[in-house]
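All remarks here apply to the structure that follows.
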Amino acid sequence: MFMEGLTVSDNAVMVRNVSVKLGRFELNVDTLDIKKGFITGLIGKNGAGKTTLIKTVLDCIQPESGEILFDGVPMWGHEAVVKAKTAVVYDTLIYPQHLTATKTAKIISPFYDFDWEIFHRLLERFGLRPHMRLSSYSRGMQVKFSVTMALAHNPEILFLDEPTSGLDPTARDDMLDVLLEFIQDENKTVFFSTHITSDLDKIADYIALIENGRVVFNEVKDDMLDRFAMAHVEREALTDDVVRCLSGLKENAFGCVGLCADRALLQGKPGVRLARPTVEDIMIFRTKDRDNGQWTIDNGQ
Amino acid sequence: MRFMISTLSQTPIYEQIKTQIKELVLTGQLKSGEQLPSIRFMAKDLKVGIITVKRAYDDLCEEGFAVSLAGRGVFVADVDTARVKSIHLQLLREQLSDIKDYCATAGITRLELEEVLGDVYGGLDRE
């Protein structure tokens, strides 16, 4: 069916067979497509490789092998084009703290096609004082300033690494509004990593999960939430067949709770109740197995 | 348009949007031929994903509540009153079937149920 602005299924970024070695840590991404016109949320535990992935895509870390294309073009040999259309917000301020907001913009702006109108509009919207030193900004204000700088050069692809951590709920809400406004233009793309998965429950279109340096899946959020199920299993119903379908199994007073990657497998089984998961449930229960090693079930009690 | 969206609900967000638009159509607050907000605008307004809204709109088109016109947007379809009535009856039937199950578990007989229904209507024999 035709839907305006949604027929385009272009990839803003394509990552192919990229491998990175950083000491003992390895990042191996066979395929990752970041869809143009949408918000993709990257989730994963600390140390799973979220920041490494973003830094590799943005050429701050050199991969050993592989290819990364922006609208079909690699960074190498097209740096000016690619850097003009990408922007990044890190979780900490990357600008000298003793400068004021305006001074910082004056120094950075010549490197980009800098839009002062956007800059001033966002400063005002975020309630940031232009002539205040960045060091006197609160942490939340510093993140908002980073977003302002990132958006002021009119990027097409916005990367954010943990932008909402350390922000209070109101500030986070503001941030989500800004991202949704940015994405009103169907040629814009957002890729952001976060621990605060409730933000993704709301606005993300795609969710990518990274575990131990590998992208485990990257799929439409609604499809993912439809497919997975939290299974509450009564003790008597906990057969081997059921156990095989579950990950992150946790015992409680009534039986067990686990995550099922395909709700169809357990649908209608006696003693099993299925509930719709949140993004957080999926992240927690999927990664739990590896933390605890192999779990065993005592079926006899 | 006023929508209530909860990410904590067991009902998928696209389902919540769909049901609420349907209600607006069935109660006549959205008239046939009226244009629905663009997908991206709606996503921003409700603070939900774009694909989520698209899915709700797609479903509404499939069920005949909306039509998508290439290049122009999505519009409320011509919903005839007989069809609306039959949908309402179907919804009622579904709710009553839940009530029937509830009565079975709670040990309420059909006669008792009819009595309660009568009470709700203000006395069984009143027409």
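Residue names in the structure tokens use chain letters A, B, ... in the order shown, residue numbers from 1 in each chain, and ligand numbers from 1 in the order shown.
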
Check which residues of chain A sit at most 10 Å from chain B using only C-alpha atoms, and return one row each with the closest pair of atoms and their distance in Å to one decimal, ordered by chain and rising number, as CSV.
```
residue,atom,partner,partner_atom,distance
A:Met1,CA,B:Asp58,CA,7.6
A:Phe2,CA,B:Ala70,CA,6.2
A:Met3,CA,B:Ser68,CA,7.1
A:Glu4,CA,B:Gly71,CA,5.9
A:Gly5,CA,B:Ile39,CA,8.8
A:Leu6,CA,B:Lys54,CA,8.5
A:Gly37,CA,B:Ile50,CA,9.0
A:Phe38,CA,B:Ile50,CA,7.2
A:Ile39,CA,B:Gly49,CA,7.7
A:Thr40,CA,B:Gly49,CA,9.9
A:Asp173,CA,B:Lys47,CA,9.4
A:Leu176,CA,B:Lys47,CA,7.8
A:Asp177,CA,B:Lys44,CA,7.1
A:Val178,CA,B:Lys44,CA,9.4
A:Leu179,CA,B:Lys44,CA,9.0
A:Leu180,CA,B:Lys44,CA,5.3
A:Glu181,CA,B:Lys44,CA,6.7
A:Phe182,CA,B:Lys44,CA,9.7
A:Ile183,CA,B:Arg40,CA,7.7
A:Gln184,CA,B:Arg40,CA,5.6
A:Asp185,CA,B:Arg40,CA,8.3
A:Glu186,CA,B:Arg40,CA,8.3
A:Ser198,CA,B:Thr7,CA,8.2
A:Asp199,CA,B:Val48,CA,9.7
A:Leu200,CA,B:Gly49,CA,8.8
A:Asp201,CA,B:Thr7,CA,6.6
A:Lys202,CA,B:Val48,CA,4.9
A:Ile203,CA,B:Gly49,CA,4.3
A:Ala204,CA,B:Gly49,CA,5.3
A:Asp205,CA,B:Gly49,CA,5.1
A:Tyr206,CA,B:Ile51,CA,8.7
A:Val220,CA,B:Ile51,CA,7.8
A:Lys221,CA,B:Thr52,CA,8.4
A:Asp222,CA,B:Thr52,CA,6.7
A:Asp223,CA,B:Thr52,CA,9.7
A:Leu225,CA,B:Pro12,CA,8.2
A:Asp226,CA,B:Pro12,CA,8.0
A:Ala275,CA,B:Gln10,CA,7.1
A:Arg276,CA,B:Gln10,CA,5.7
A:Pro277,CA,B:Gln10,CA,8.4
A:Thr278,CA,B:Leu8,CA,8.0
```

Using the selection just defined, write its residues with C-alpha atoms as an mmCIF file, in the first residue's frame.
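Okay, out-v7.cif is ready:
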```cif
data_model
loop_
_atom_site.group_PDB
_atom_site.id
_atom_site.type_symbol
_atom_site.label_atom_id
_atom_site.label_comp_id
_atom_site.auth_asym_id
_atom_site.auth_seq_id
_atom_site.Cartn_x
_atom_site.Cartn_y
_atom_site.Cartn_z
ATOM 1 C CA MET A 1 0.000 0.000 0.000
ATOM 2 C CA PHE A 2 1.265 3.453 -0.824
ATOM 3 C CA MET A 3 2.031 5.677 2.103
ATOM 4 C CA GLU A 4 3.547 9.027 1.463
ATOM 5 C CA GLY A 5 7.150 9.318 2.459
ATOM 6 C CA LEU A 6 7.397 5.724 3.501
ATOM 7 C CA GLY A 37 13.887 8.420 7.592
ATOM 8 C CA PHE A 38 13.603 6.515 10.840
ATOM 9 C CA ILE A 39 14.854 6.363 14.410
ATOM 10 C CA THR A 40 16.971 3.330 15.265
ATOM 11 C CA ASP A 173 11.221 14.315 27.151
ATOM 12 C CA LEU A 176 12.707 13.052 22.388
ATOM 13 C CA ASP A 177 10.621 15.949 21.058
ATOM 14 C CA VAL A 178 13.665 17.390 19.335
ATOM 15 C CA LEU A 179 14.444 14.034 17.721
ATOM 16 C CA LEU A 180 10.859 13.603 16.530
ATOM 17 C CA GLU A 181 10.908 17.115 15.077
ATOM 18 C CA PHE A 182 14.182 16.380 13.307
ATOM 19 C CA ILE A 183 12.702 13.243 11.767
ATOM 20 C CA GLN A 184 9.691 15.119 10.345
ATOM 21 C CA ASP A 185 11.846 15.409 7.250
ATOM 22 C CA GLU A 186 11.853 11.948 5.720
ATOM 23 C CA SER A 198 11.638 3.384 27.988
ATOM 24 C CA ASP A 199 12.632 6.176 25.607
ATOM 25 C CA LEU A 200 12.879 3.562 22.865
ATOM 26 C CA ASP A 201 9.577 1.940 23.863
ATOM 27 C CA LYS A 202 8.093 5.231 22.777
ATOM 28 C CA ILE A 203 9.812 6.678 19.761
ATOM 29 C CA ALA A 204 12.097 4.114 18.126
ATOM 30 C CA ASP A 205 11.171 2.592 14.775
ATOM 31 C CA TYR A 206 13.946 0.016 14.737
ATOM 32 C CA VAL A 220 11.117 -3.038 13.470
ATOM 33 C CA LYS A 221 10.313 -2.348 17.118
ATOM 34 C CA ASP A 222 6.634 -3.248 16.862
ATOM 35 C CA ASP A 223 7.446 -6.547 15.119
ATOM 36 C CA LEU A 225 7.534 -6.613 20.633
ATOM 37 C CA ASP A 226 4.903 -8.739 18.855
ATOM 38 C CA ALA A 275 2.614 -11.122 28.336
ATOM 39 C CA ARG A 276 3.820 -8.391 26.039
ATOM 40 C CA PRO A 277 7.440 -7.489 26.847
ATOM 41 C CA THR A 278 9.061 -4.078 26.989
#
```

Might you pull out every residue within 7 Å of Tyr90 (chain A), with only C-alpha atoms counted and same-chain residues fewer than 3 positions away left off, and present them as a CSV table (one decimal) with C-alpha atoms, in the first residue's frame?
```csv
chain,number,residue,atom,x,y,z
A,93,LEU,CA,30.9,17.5,26.3
A,160,LEU,CA,23.7,10.0,19.7
A,161,ASP,CA,25.7,8.0,22.2
A,162,GLU,CA,23.7,7.7,25.5
A,163,PRO,CA,22.2,11.2,25.0
```

Legend entry - Test item: residues at most 10 Å from Phe75 (chain B), only C-alpha atoms, excluding those fewer than 4 positions along its chain, as a ChimeraX atom specification: /B:30-37,57,61,65-69

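Residues with any atom within 12 Å of region 98-104 of chain B, counting only C-alpha atoms and excluding same-chain neighbours fewer than 6 positions away, are Leu91, Leu92, Arg110, Leu111, Glu112, Leu113, Glu114, Val116 and Leu117 of chain B.
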
Inset, instruction - Using only C-alpha atoms, determine which residues lie at most 10 Å from region 68-79 of chain A, disregarding the query and same-chain residues fewer than 4 positions distant; provide the list as number ranges by chain. - result: A: 10-18, 31-34, 36, 56-59, 63, 83-86, 157

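For chain B, the set of residues given strand (DSSP E) by DSSP on the backbone reads B:Ala66, B:Val67, B:Ser68, B:Leu69, B:Gly73, B:Val74, B:Phe75, B:Val76.
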
Selection to disk with N, CA and C atoms, as a CSV table (one decimal), in the first residue's frame:
```
chain,number,residue,atom,x,y,z
B,66,ALA,N,-10.4,3.7,6.6
B,66,ALA,CA,-9.7,4.8,6.0
B,66,ALA,C,-9.3,4.4,4.6
B,67,VAL,N,-9.0,5.4,3.8
B,67,VAL,CA,-8.5,5.1,2.4
B,67,VAL,C,-7.2,6.0,2.2
B,68,SER,N,-6.2,5.3,1.6
B,68,SER,CA,-5.0,6.1,1.3
B,68,SER,C,-5.0,6.5,-0.1
B,69,LEU,N,-4.9,7.8,-0.4
B,69,LEU,CA,-4.8,8.3,-1.7
B,69,LEU,C,-3.4,8.7,-2.1
B,73,GLY,N,-2.5,11.6,0.9
B,73,GLY,CA,-2.6,11.3,2.4
B,73,GLY,C,-3.7,10.2,2.6
B,74,VAL,N,-4.0,10.1,3.9
B,74,VAL,CA,-5.0,9.1,4.3
B,74,VAL,C,-6.3,9.8,4.8
B,75,PHE,N,-7.4,9.3,4.3
B,75,PHE,CA,-8.7,9.9,4.6
B,75,PHE,C,-9.6,9.0,5.3
B,76,VAL,N,-10.6,9.5,6.1
B,76,VAL,CA,-11.6,8.6,6.7
B,76,VAL,C,-12.5,8.1,5.6
```
